[in-house]
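File shown: input_20.txt (compact mmCIF, C-alpha atoms and all ligand atoms).
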```txt
# COMPACT_ATOMS: atom_id res chain seq x y z
CA MET A 99 -11.55 143.06 -75.70
CA PHE A 100 -9.00 141.10 -73.67
CA ASP A 101 -9.21 137.32 -73.53
CA VAL A 102 -7.91 137.49 -69.96
CA LEU A 103 -7.14 140.44 -67.74
CA ILE A 104 -5.15 139.86 -64.56
CA ILE A 105 -5.76 142.22 -61.65
CA GLY A 106 -2.73 142.71 -59.39
CA GLY A 107 0.97 142.78 -60.22
CA GLY A 108 2.19 141.06 -57.05
CA VAL A 109 3.38 137.49 -56.63
CA SER A 110 0.32 135.56 -57.83
CA GLY A 111 -0.59 138.02 -60.60
CA VAL A 112 2.84 138.19 -62.24
CA SER A 113 3.32 134.43 -61.86
CA CYS A 114 0.01 133.92 -63.69
CA ALA A 115 1.07 136.39 -66.40
CA LEU A 116 4.46 134.70 -66.92
CA VAL A 117 2.91 131.26 -67.47
CA LEU A 118 0.19 132.63 -69.75
CA GLY A 119 2.80 134.65 -71.66
CA SER A 120 5.08 131.63 -72.04
CA ALA A 121 2.36 129.79 -73.99
CA LYS A 122 2.57 132.25 -76.87
CA ASN A 123 3.62 129.60 -79.40
CA LYS A 124 0.84 127.15 -78.51
CA PRO A 125 -1.76 127.21 -81.29
CA PHE A 126 -4.66 127.72 -78.88
CA ALA A 127 -2.96 130.70 -77.15
CA THR A 128 -1.20 132.50 -79.95
CA ASP A 129 -4.08 134.84 -80.83
CA LYS A 130 -5.10 135.56 -77.23
CA LYS A 131 -4.96 139.09 -75.84
CA ILE A 132 -3.57 139.00 -72.31
CA GLY A 133 -3.25 141.96 -69.94
CA ILE A 134 -2.19 142.67 -66.36
CA ILE A 135 -3.06 145.68 -64.23
CA THR A 136 -0.06 146.38 -62.03
CA HIS A 137 -1.03 148.86 -59.37
CA GLN A 138 1.74 148.22 -56.84
CA LYS A 139 1.21 150.47 -53.84
CA ALA A 140 -0.71 147.94 -51.71
CA SER A 141 1.59 144.98 -52.34
CA SER A 142 2.76 142.77 -49.48
CA LEU A 143 6.10 142.85 -51.22
CA GLN A 144 6.83 146.50 -50.36
CA ASN A 145 8.32 145.66 -46.91
CA ALA A 146 9.28 142.02 -47.32
CA VAL A 147 12.74 140.40 -47.27
CA PHE A 148 12.97 136.86 -48.64
CA ASN A 149 15.28 134.19 -47.25
CA ASN A 150 13.04 131.13 -47.56
CA ALA A 151 11.47 131.22 -51.02
CA TYR A 152 12.48 128.58 -53.56
CA GLY A 153 14.65 129.98 -56.36
CA ILE A 154 14.96 133.45 -54.83
CA PRO A 155 18.46 134.45 -53.65
CA PRO A 156 18.53 134.98 -49.86
CA GLY A 157 18.15 138.58 -48.70
CA LYS A 158 16.11 139.57 -51.76
CA LEU A 159 13.97 142.63 -51.16
CA GLY A 160 10.31 142.44 -52.05
CA SER A 161 10.47 146.00 -53.37
CA ASP A 162 13.11 144.86 -55.89
CA LEU A 163 10.99 141.87 -56.90
CA LEU A 164 8.10 144.22 -57.64
CA THR A 165 10.10 145.99 -60.33
CA GLU A 166 12.24 143.09 -61.57
CA SER A 167 9.28 140.74 -62.03
CA VAL A 168 7.42 143.09 -64.38
CA GLU A 169 10.68 143.79 -66.25
CA HIS A 170 11.12 140.02 -66.69
CA LEU A 171 7.54 139.80 -68.00
CA GLN A 172 8.09 142.71 -70.41
CA LYS A 173 11.42 141.35 -71.69
CA LEU A 174 10.37 137.75 -72.35
CA TYR A 175 6.66 138.17 -73.08
CA PRO A 176 6.09 141.71 -74.38
CA HIS A 177 2.77 140.63 -75.93
CA VAL A 178 1.33 140.58 -72.38
CA GLU A 179 0.04 144.13 -72.10
CA GLN A 180 1.02 145.84 -68.84
CA ILE A 181 -1.33 148.51 -67.58
CA ASN A 182 0.61 150.36 -64.92
CA GLY A 183 -0.54 152.40 -61.96
CA GLU A 184 -4.29 151.80 -62.26
CA LYS A 185 -6.48 150.56 -59.47
CA VAL A 186 -9.50 148.40 -60.26
CA LEU A 187 -12.62 149.78 -58.59
CA LYS A 188 -15.48 147.82 -60.08
CA ILE A 189 -16.25 144.63 -62.01
CA GLN A 190 -19.50 144.02 -63.85
CA GLY A 191 -20.88 141.73 -66.55
CA GLU A 192 -20.70 138.02 -67.16
CA VAL A 193 -18.41 135.41 -68.67
CA GLY A 194 -17.29 136.41 -72.15
CA ASP A 195 -18.17 140.07 -71.51
CA TYR A 196 -16.81 141.49 -68.26
CA THR A 197 -16.17 145.20 -67.77
CA LEU A 198 -13.39 146.37 -65.40
CA ILE A 199 -13.52 149.95 -64.24
CA THR A 200 -10.31 151.45 -62.87
CA ASN A 201 -9.59 154.93 -61.49
CA LYS A 202 -8.57 155.93 -65.05
CA ASN A 203 -10.10 153.63 -67.67
CA THR A 204 -12.66 151.00 -68.59
CA PHE A 205 -11.57 147.63 -70.01
CA LYS A 206 -13.49 144.72 -71.53
CA THR A 207 -12.38 141.14 -70.98
CA LYS A 208 -13.70 137.62 -71.40
CA ILE A 209 -11.94 136.21 -68.30
CA ILE A 210 -10.71 137.86 -65.09
CA ALA A 211 -7.96 136.57 -62.76
CA ILE A 212 -7.73 138.44 -59.44
CA GLY A 213 -4.65 138.41 -57.21
CA ILE A 214 -4.87 141.52 -55.08
CA GLY A 215 -4.02 140.10 -51.67
CA SER A 216 -6.23 139.35 -48.69
CA SER A 217 -6.37 142.72 -46.93
CA SER A 218 -9.71 143.90 -45.66
CA PRO A 219 -11.82 145.72 -46.76
CA PHE A 220 -12.10 144.36 -50.30
CA MET A 221 -11.93 147.43 -52.52
CA ILE A 222 -13.48 146.13 -55.76
CA GLU A 223 -17.22 146.57 -56.19
CA GLY A 224 -19.15 143.73 -57.79
CA LEU A 225 -17.92 140.60 -56.01
CA GLU A 226 -19.21 141.34 -52.50
CA SER A 227 -21.30 138.17 -52.34
CA PHE A 228 -18.14 136.00 -52.58
CA ILE A 229 -16.23 137.60 -49.66
CA GLU A 230 -15.69 135.51 -46.55
CA PRO A 231 -13.18 135.50 -43.65
CA HIS A 232 -9.81 134.02 -44.61
CA GLN A 233 -9.83 130.34 -43.65
CA LYS A 234 -6.07 129.97 -43.17
CA ALA A 235 -4.99 133.28 -41.58
CA ALA A 236 -5.05 134.16 -37.87
CA PRO A 237 -8.50 135.66 -37.10
CA GLU A 238 -6.98 138.74 -35.42
CA LYS A 239 -5.38 139.71 -38.76
CA ASN A 240 -8.87 140.26 -40.20
CA ARG A 241 -7.94 138.85 -43.61
CA ILE A 242 -10.49 137.94 -46.25
CA GLN A 243 -10.78 135.58 -49.22
CA LEU A 244 -13.16 135.07 -52.10
CA LYS A 245 -15.19 131.85 -51.99
CA ASN A 246 -13.84 129.60 -54.69
CA HIS A 247 -13.51 126.01 -55.88
CA ASP A 248 -9.91 125.35 -56.87
CA HIS A 249 -9.48 129.08 -57.68
CA LEU A 250 -12.71 129.41 -59.66
CA VAL A 251 -15.07 131.99 -58.13
CA LYS A 252 -17.67 131.82 -60.88
CA GLU A 253 -17.60 131.21 -64.61
CA GLY A 254 -14.87 133.42 -66.06
CA VAL A 255 -13.61 134.75 -62.71
CA TYR A 256 -10.55 133.19 -61.04
CA VAL A 257 -8.94 134.23 -57.75
CA MET A 258 -5.32 133.48 -56.76
CA GLY A 259 -2.76 134.03 -54.04
CA THR A 260 -3.77 134.97 -50.53
CA LEU A 261 -7.17 136.23 -51.73
CA ALA A 262 -7.91 132.64 -52.82
CA GLY A 263 -7.49 131.54 -49.19
CA GLN A 264 -3.87 130.44 -49.55
CA ARG A 265 -1.42 131.00 -46.67
CA SER A 266 0.84 133.99 -47.04
CA GLN A 267 4.10 132.56 -48.40
CA LEU A 268 5.68 133.68 -51.66
CA ALA A 269 6.03 130.14 -53.06
CA ILE A 270 2.37 129.36 -52.36
CA ALA A 271 1.15 132.60 -53.99
CA ALA A 272 3.35 132.03 -57.06
CA GLY A 273 2.09 128.45 -57.37
CA SER A 274 -1.49 129.62 -57.05
CA GLY A 275 -1.05 132.13 -59.91
CA ALA A 276 0.65 129.49 -62.09
CA SER A 277 -2.19 127.08 -61.34
CA VAL A 278 -4.79 129.60 -62.52
CA ALA A 279 -2.76 130.24 -65.69
CA THR A 280 -2.66 126.54 -66.59
CA ASP A 281 -6.40 126.23 -65.88
CA ILE A 282 -7.07 129.09 -68.33
CA LEU A 283 -4.71 127.57 -70.92
CA SER A 284 -6.47 124.21 -70.53
CA LEU A 285 -9.80 125.95 -71.07
CA TRP A 286 -8.49 127.57 -74.27
CA ASN A 287 -7.23 124.10 -75.29
CA GLU A 288 -10.80 122.77 -75.25
CA GLY A 289 -10.37 121.22 -71.82
CA LYS A 290 -7.22 119.23 -72.62
CA PRO A 291 -4.65 119.63 -69.78
CA VAL A 292 -1.82 122.09 -70.50
CA GLN A 293 1.57 122.76 -68.96
CA VAL A 294 4.24 124.99 -70.50
CA HIS A 295 7.86 123.87 -70.22
CA ASP A 296 11.08 125.01 -71.87
CA ALA A 297 13.86 122.44 -71.99
CA LEU A 298 17.40 122.08 -73.24
CA GLY A 299 18.03 119.94 -76.30
CA LYS A 300 14.67 120.49 -77.99
C1 LIG B 1 6.42 142.28 -44.37
C2 LIG B 1 6.22 140.97 -45.11
C3 LIG B 1 7.21 140.02 -45.10
C4 LIG B 1 7.04 138.81 -45.79
N1 LIG B 1 8.05 137.88 -45.75
C5 LIG B 1 7.88 136.70 -46.39
C6 LIG B 1 8.91 135.71 -46.35
O1 LIG B 1 9.97 135.91 -45.72
N2 LIG B 1 8.70 134.55 -47.01
C7 LIG B 1 7.56 134.28 -47.72
O2 LIG B 1 7.45 133.22 -48.34
N3 LIG B 1 6.56 135.20 -47.76
C8 LIG B 1 6.69 136.38 -47.10
N4 LIG B 1 5.69 137.32 -47.13
C9 LIG B 1 4.41 136.96 -47.80
C10 LIG B 1 4.37 137.20 -49.33
O3 LIG B 1 4.90 138.47 -49.67
C11 LIG B 1 2.89 137.12 -49.74
O4 LIG B 1 2.38 135.83 -49.37
C12 LIG B 1 2.68 137.30 -51.23
O5 LIG B 1 3.18 138.56 -51.67
C13 LIG B 1 1.17 137.21 -51.52
O6 LIG B 1 0.98 137.30 -52.90
P1 LIG B 1 -0.39 137.86 -53.50
O7 LIG B 1 -0.25 137.76 -54.97
O8 LIG B 1 -1.54 137.17 -52.84
O9 LIG B 1 -0.44 139.40 -53.04
P2 LIG B 1 0.60 140.59 -53.34
O10 LIG B 1 1.94 140.04 -53.67
O11 LIG B 1 0.46 141.52 -52.22
O12 LIG B 1 0.04 141.23 -54.66
C14 LIG B 1 -1.17 141.94 -54.68
C15 LIG B 1 -1.08 143.00 -55.77
O13 LIG B 1 -2.38 143.55 -56.04
C16 LIG B 1 -2.29 144.97 -56.12
N5 LIG B 1 -3.61 145.53 -55.87
C17 LIG B 1 -4.28 145.61 -54.70
N6 LIG B 1 -5.49 146.15 -54.89
C18 LIG B 1 -5.60 146.40 -56.22
C19 LIG B 1 -6.64 146.94 -57.05
N7 LIG B 1 -7.81 147.34 -56.55
N8 LIG B 1 -6.40 147.06 -58.38
C20 LIG B 1 -5.22 146.65 -58.92
N9 LIG B 1 -4.21 146.12 -58.18
C21 LIG B 1 -4.41 146.00 -56.85
C22 LIG B 1 -1.21 145.31 -55.10
O14 LIG B 1 -0.67 146.58 -55.30
C23 LIG B 1 -0.21 144.19 -55.36
O15 LIG B 1 0.65 144.51 -56.45
C24 LIG B 1 5.84 138.54 -46.47
C25 LIG B 1 4.82 139.51 -46.48
C26 LIG B 1 4.99 140.71 -45.79
C27 LIG B 1 3.88 141.71 -45.79
```

Would you mind writing the file's structure down as structure tokens?
Amino acid sequence: MFDVLIIGGGVSGVSCALVLGSAKNKPFATDKKIGIITHQKASSLQNAVFNNAYGIPPGKLGSDLLTESVEHLQKLYPHVEQINGEKVLKIQGEVGDYTLITNKNTFKTKIIAIGIGSSSPFMIEGLESFIEPHQKAAPEKNRIQLKNHDHLVKEGVYVMGTLAGQRSQLAIAAGSGASVATDILSLWNEGKPVQVHDALGK
């Protein structure tokens, strides 16, 4: 049983995983089992080139970020389990006991965080009732989002990145994933607000 399973190894998903992973020494997070399913074929990053994203060197290829970001996650936070090359097909259950069915396996998790991009149609069975047209994308692009309140779709299910209705910019998607991570950490910390910072001189 995972405590949280992230679906999507793109910008929002890996950003969420990095912040969750970085909390490993916090007493409320140290025993938590965290996983990320990193099926990469459908990522927006495959064809992107970044010149305008904070902290990213100009000319950076999205296809390089796809591999480097999960290497970064593995190197610094190896306790975050990476499940590579699986596509989530179905979600069922309720908070504390969700089941994720992929093309290869079945996983159990208490919390789900979804960052699979805003392409239509939505390919995961079980959340159809939350799908709506994307509120911040041009209508002719036919993008979708999941209805949510500050990333929360329903108890135990968070959405992030463009699928949360955010505009398609790397910095926004990364911030959205980090926001979901700190919400989950705050939940684990009995509702007390959490941020995770490393600093020199401490
Ligand atoms: C061609 C192009 C150029 C761009 N250029 C810029 C730019 O210059 N500057 C900028 O700021 N932004 C740019 N962007 C936008 C930026 O890449 C996106 O806003 C960002 O990647 C969105 O993050 P996300 O997490 O929502 O989705 P993604 O990064 O697309 O991540 C979604 C992940 O979910 C995975 N996935 C999908 N379905 C499933 C499933 N069923 N099960 C498991 N995993 C699944 C995908 O494979 C992918 O890894 C560009 C986008 C494109 C397409």

Pick the closest to ligand LIG 1 (chain B) from A:Glu184, A:Asp129, A:Glu230, A:Glu179: which is it, counting all atoms listed in the file? A:Glu184

Could I get the residue neighbourhood of ligand LIG 1 (chain B) at 6 Å, counting only C-alpha atoms and all ligand atoms, as a PyMOL selection string? chain A and resi 105-111+135-143+145-151+185-187+213-215+221-222+259-261+266-269+271

Quick one: residues within 12 Å of Pro176 of chain A, all atoms listed in the file counted, chain neighbours fewer than 6 positions away excluded, as a PDB file with C-alpha atoms, in the frame of the given file?
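Result file is part11.pdb:
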```pdb
ATOM      1  CA  ALA A 115       1.070 136.390 -66.400  1.00  0.00           C
ATOM      2  CA  LEU A 116       4.460 134.700 -66.920  1.00  0.00           C
ATOM      3  CA  LEU A 118       0.190 132.630 -69.750  1.00  0.00           C
ATOM      4  CA  GLY A 119       2.800 134.650 -71.660  1.00  0.00           C
ATOM      5  CA  SER A 120       5.080 131.630 -72.040  1.00  0.00           C
ATOM      6  CA  LYS A 122       2.570 132.250 -76.870  1.00  0.00           C
ATOM      7  CA  LYS A 131      -4.960 139.090 -75.840  1.00  0.00           C
ATOM      8  CA  ILE A 132      -3.570 139.000 -72.310  1.00  0.00           C
ATOM      9  CA  GLY A 133      -3.250 141.960 -69.940  1.00  0.00           C
ATOM     10  CA  ILE A 134      -2.190 142.670 -66.360  1.00  0.00           C
ATOM     11  CA  VAL A 168       7.420 143.090 -64.380  1.00  0.00           C
ATOM     12  CA  GLU A 169      10.680 143.790 -66.250  1.00  0.00           C
ATOM     13  CA  HIS A 170      11.120 140.020 -66.690  1.00  0.00           C
TER      14      HIS A 170
END
```

Determine the nearest neighbour of Ser274 of chain A from the options A:Cys114, A:Leu103, A:Lys173, A:Asp195, counting all atoms listed in the file.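 Closest to Ser274 of chain A of all the choices is A:Cys114.
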
Neighbouring residues of segment 205-211 of chain A were defined as those with any atom within 7 Å, considering only C-alpha atoms; residues of the same chain fewer than 5 positions away were excluded. Please report them as a PyMOL selection string. chain A and resi 99-105+193-199+254-257

Selection file, C-alpha atoms, as a short mmCIF file (atom, residue, chain, number, x, y, z; two decimals), keeping the file's coordinate frame:
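Okay, result_2.cif is ready:
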```
data_model
loop_
_atom_site.label_atom_id
_atom_site.label_comp_id
_atom_site.auth_asym_id
_atom_site.auth_seq_id
_atom_site.Cartn_x
_atom_site.Cartn_y
_atom_site.Cartn_z
CA MET A 99 -11.55 143.06 -75.70
CA PHE A 100 -9.00 141.10 -73.67
CA ASP A 101 -9.21 137.32 -73.53
CA VAL A 102 -7.91 137.49 -69.96
CA LEU A 103 -7.14 140.44 -67.74
CA ILE A 104 -5.15 139.86 -64.56
CA ILE A 105 -5.76 142.22 -61.65
CA VAL A 193 -18.41 135.41 -68.67
CA GLY A 194 -17.29 136.41 -72.15
CA ASP A 195 -18.17 140.07 -71.51
CA TYR A 196 -16.81 141.49 -68.26
CA THR A 197 -16.17 145.20 -67.77
CA LEU A 198 -13.39 146.37 -65.40
CA ILE A 199 -13.52 149.95 -64.24
CA GLY A 254 -14.87 133.42 -66.06
CA VAL A 255 -13.61 134.75 -62.71
CA TYR A 256 -10.55 133.19 -61.04
CA VAL A 257 -8.94 134.23 -57.75
#
```

I'd like to know which of A:Leu174, A:Glu223, A:Ala276, A:Phe126 is closest to Lys188 of chain A, using all atoms listed in the file.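 Looking at the shortest contact to Lys188 of chain A, the residue is A:Glu223.
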
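Using only C-alpha atoms, the shortest contact distance between Val278 of chain A and any of A:Leu225, A:Ala236, A:Ala297, A:Met258 is found at A:Met258.
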
For Val178 of chain A, the nearest of the candidates A:Ile154, A:Leu283, A:Val117, A:Leu163, counting only C-alpha atoms: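 With only C-alpha atoms as the atom set, the closest residue is A:Val117.
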
Tell me which of A:Leu250, A:Val112, A:Lys234, A:Asn201 sits closest to Gly275 of chain A, counting only C-alpha atoms.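 Ranking A:Leu250, A:Val112, A:Lys234, A:Asn201 by distance to Gly275 of chain A, first place goes to A:Val112.
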
Reconstructed segment 155-178 of chain A, atom set N, CA and C atoms, as an mmCIF file, in the frame of the given file:
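And here is the file that came out, rebuild_13.cif:
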```cif
data_model
loop_
_atom_site.group_PDB
_atom_site.id
_atom_site.type_symbol
_atom_site.label_atom_id
_atom_site.label_comp_id
_atom_site.auth_asym_id
_atom_site.auth_seq_id
_atom_site.Cartn_x
_atom_site.Cartn_y
_atom_site.Cartn_z
ATOM 1 N N PRO A 155 17.225 134.329 -54.439
ATOM 2 C CA PRO A 155 18.460 134.450 -53.650
ATOM 3 C C PRO A 155 18.167 135.041 -52.258
ATOM 4 N N PRO A 156 18.794 134.492 -51.214
ATOM 5 C CA PRO A 156 18.530 134.980 -49.860
ATOM 6 C C PRO A 156 18.823 136.471 -49.711
ATOM 7 N N GLY A 157 17.977 137.144 -48.927
ATOM 8 C CA GLY A 157 18.150 138.580 -48.700
ATOM 9 C C GLY A 157 17.446 139.437 -49.739
ATOM 10 N N LYS A 158 16.774 138.820 -50.673
ATOM 11 C CA LYS A 158 16.110 139.570 -51.760
ATOM 12 C C LYS A 158 15.003 140.446 -51.193
ATOM 13 N N LEU A 159 15.004 141.697 -51.615
ATOM 14 C CA LEU A 159 13.970 142.630 -51.160
ATOM 15 C C LEU A 159 12.710 142.483 -52.005
ATOM 16 N N GLY A 160 11.573 142.498 -51.325
ATOM 17 C CA GLY A 160 10.310 142.440 -52.050
ATOM 18 C C GLY A 160 10.129 143.643 -52.961
ATOM 19 N N SER A 161 10.614 144.795 -52.533
ATOM 20 C CA SER A 161 10.470 146.000 -53.370
ATOM 21 C C SER A 161 11.241 145.848 -54.676
ATOM 22 N N ASP A 162 12.381 145.129 -54.642
ATOM 23 C CA ASP A 162 13.110 144.860 -55.890
ATOM 24 C C ASP A 162 12.340 143.866 -56.768
ATOM 25 N N LEU A 163 11.761 142.843 -56.122
ATOM 26 C CA LEU A 163 10.990 141.870 -56.900
ATOM 27 C C LEU A 163 9.843 142.541 -57.637
ATOM 28 N N LEU A 164 9.231 143.525 -57.014
ATOM 29 C CA LEU A 164 8.100 144.220 -57.640
ATOM 30 C C LEU A 164 8.489 144.820 -58.989
ATOM 31 N N THR A 165 9.682 145.399 -59.057
ATOM 32 C CA THR A 165 10.100 145.990 -60.330
ATOM 33 C C THR A 165 10.724 144.945 -61.263
ATOM 34 N N GLU A 166 11.556 144.057 -60.706
ATOM 35 C CA GLU A 166 12.240 143.090 -61.570
ATOM 36 C C GLU A 166 11.270 142.104 -62.215
ATOM 37 N N SER A 167 10.204 141.746 -61.496
ATOM 38 C CA SER A 167 9.280 140.740 -62.030
ATOM 39 C C SER A 167 8.523 141.278 -63.249
ATOM 40 N N VAL A 168 8.132 142.556 -63.204
ATOM 41 C CA VAL A 168 7.420 143.090 -64.380
ATOM 42 C C VAL A 168 8.401 143.374 -65.528
ATOM 43 N N GLU A 169 9.668 143.652 -65.188
ATOM 44 C CA GLU A 169 10.680 143.790 -66.250
ATOM 45 C C GLU A 169 10.908 142.449 -66.951
ATOM 46 N N HIS A 170 10.984 141.394 -66.157
ATOM 47 C CA HIS A 170 11.120 140.020 -66.690
ATOM 48 C C HIS A 170 9.952 139.724 -67.628
ATOM 49 N N LEU A 171 8.745 140.031 -67.181
ATOM 50 C CA LEU A 171 7.540 139.800 -68.000
ATOM 51 C C LEU A 171 7.617 140.585 -69.312
ATOM 52 N N GLN A 172 8.020 141.842 -69.216
ATOM 53 C CA GLN A 172 8.090 142.710 -70.410
ATOM 54 C C GLN A 172 9.164 142.194 -71.384
ATOM 55 N N LYS A 173 10.301 141.760 -70.837
ATOM 56 C CA LYS A 173 11.420 141.350 -71.690
ATOM 57 C C LYS A 173 11.108 140.048 -72.439
ATOM 58 N N LEU A 174 10.596 139.053 -71.718
ATOM 59 C CA LEU A 174 10.370 137.750 -72.350
ATOM 60 C C LEU A 174 9.027 137.666 -73.069
ATOM 61 N N TYR A 175 8.014 138.325 -72.528
ATOM 62 C CA TYR A 175 6.660 138.170 -73.080
ATOM 63 C C TYR A 175 6.007 139.544 -73.280
ATOM 64 N N PRO A 176 6.593 140.342 -74.203
ATOM 65 C CA PRO A 176 6.090 141.710 -74.380
ATOM 66 C C PRO A 176 4.668 141.759 -74.929
ATOM 67 N N HIS A 177 4.160 140.632 -75.447
ATOM 68 C CA HIS A 177 2.770 140.630 -75.930
ATOM 69 C C HIS A 177 1.772 140.665 -74.774
ATOM 70 N N VAL A 178 2.222 140.420 -73.545
ATOM 71 C CA VAL A 178 1.330 140.580 -72.380
ATOM 72 C C VAL A 178 1.300 142.079 -72.061
#
```
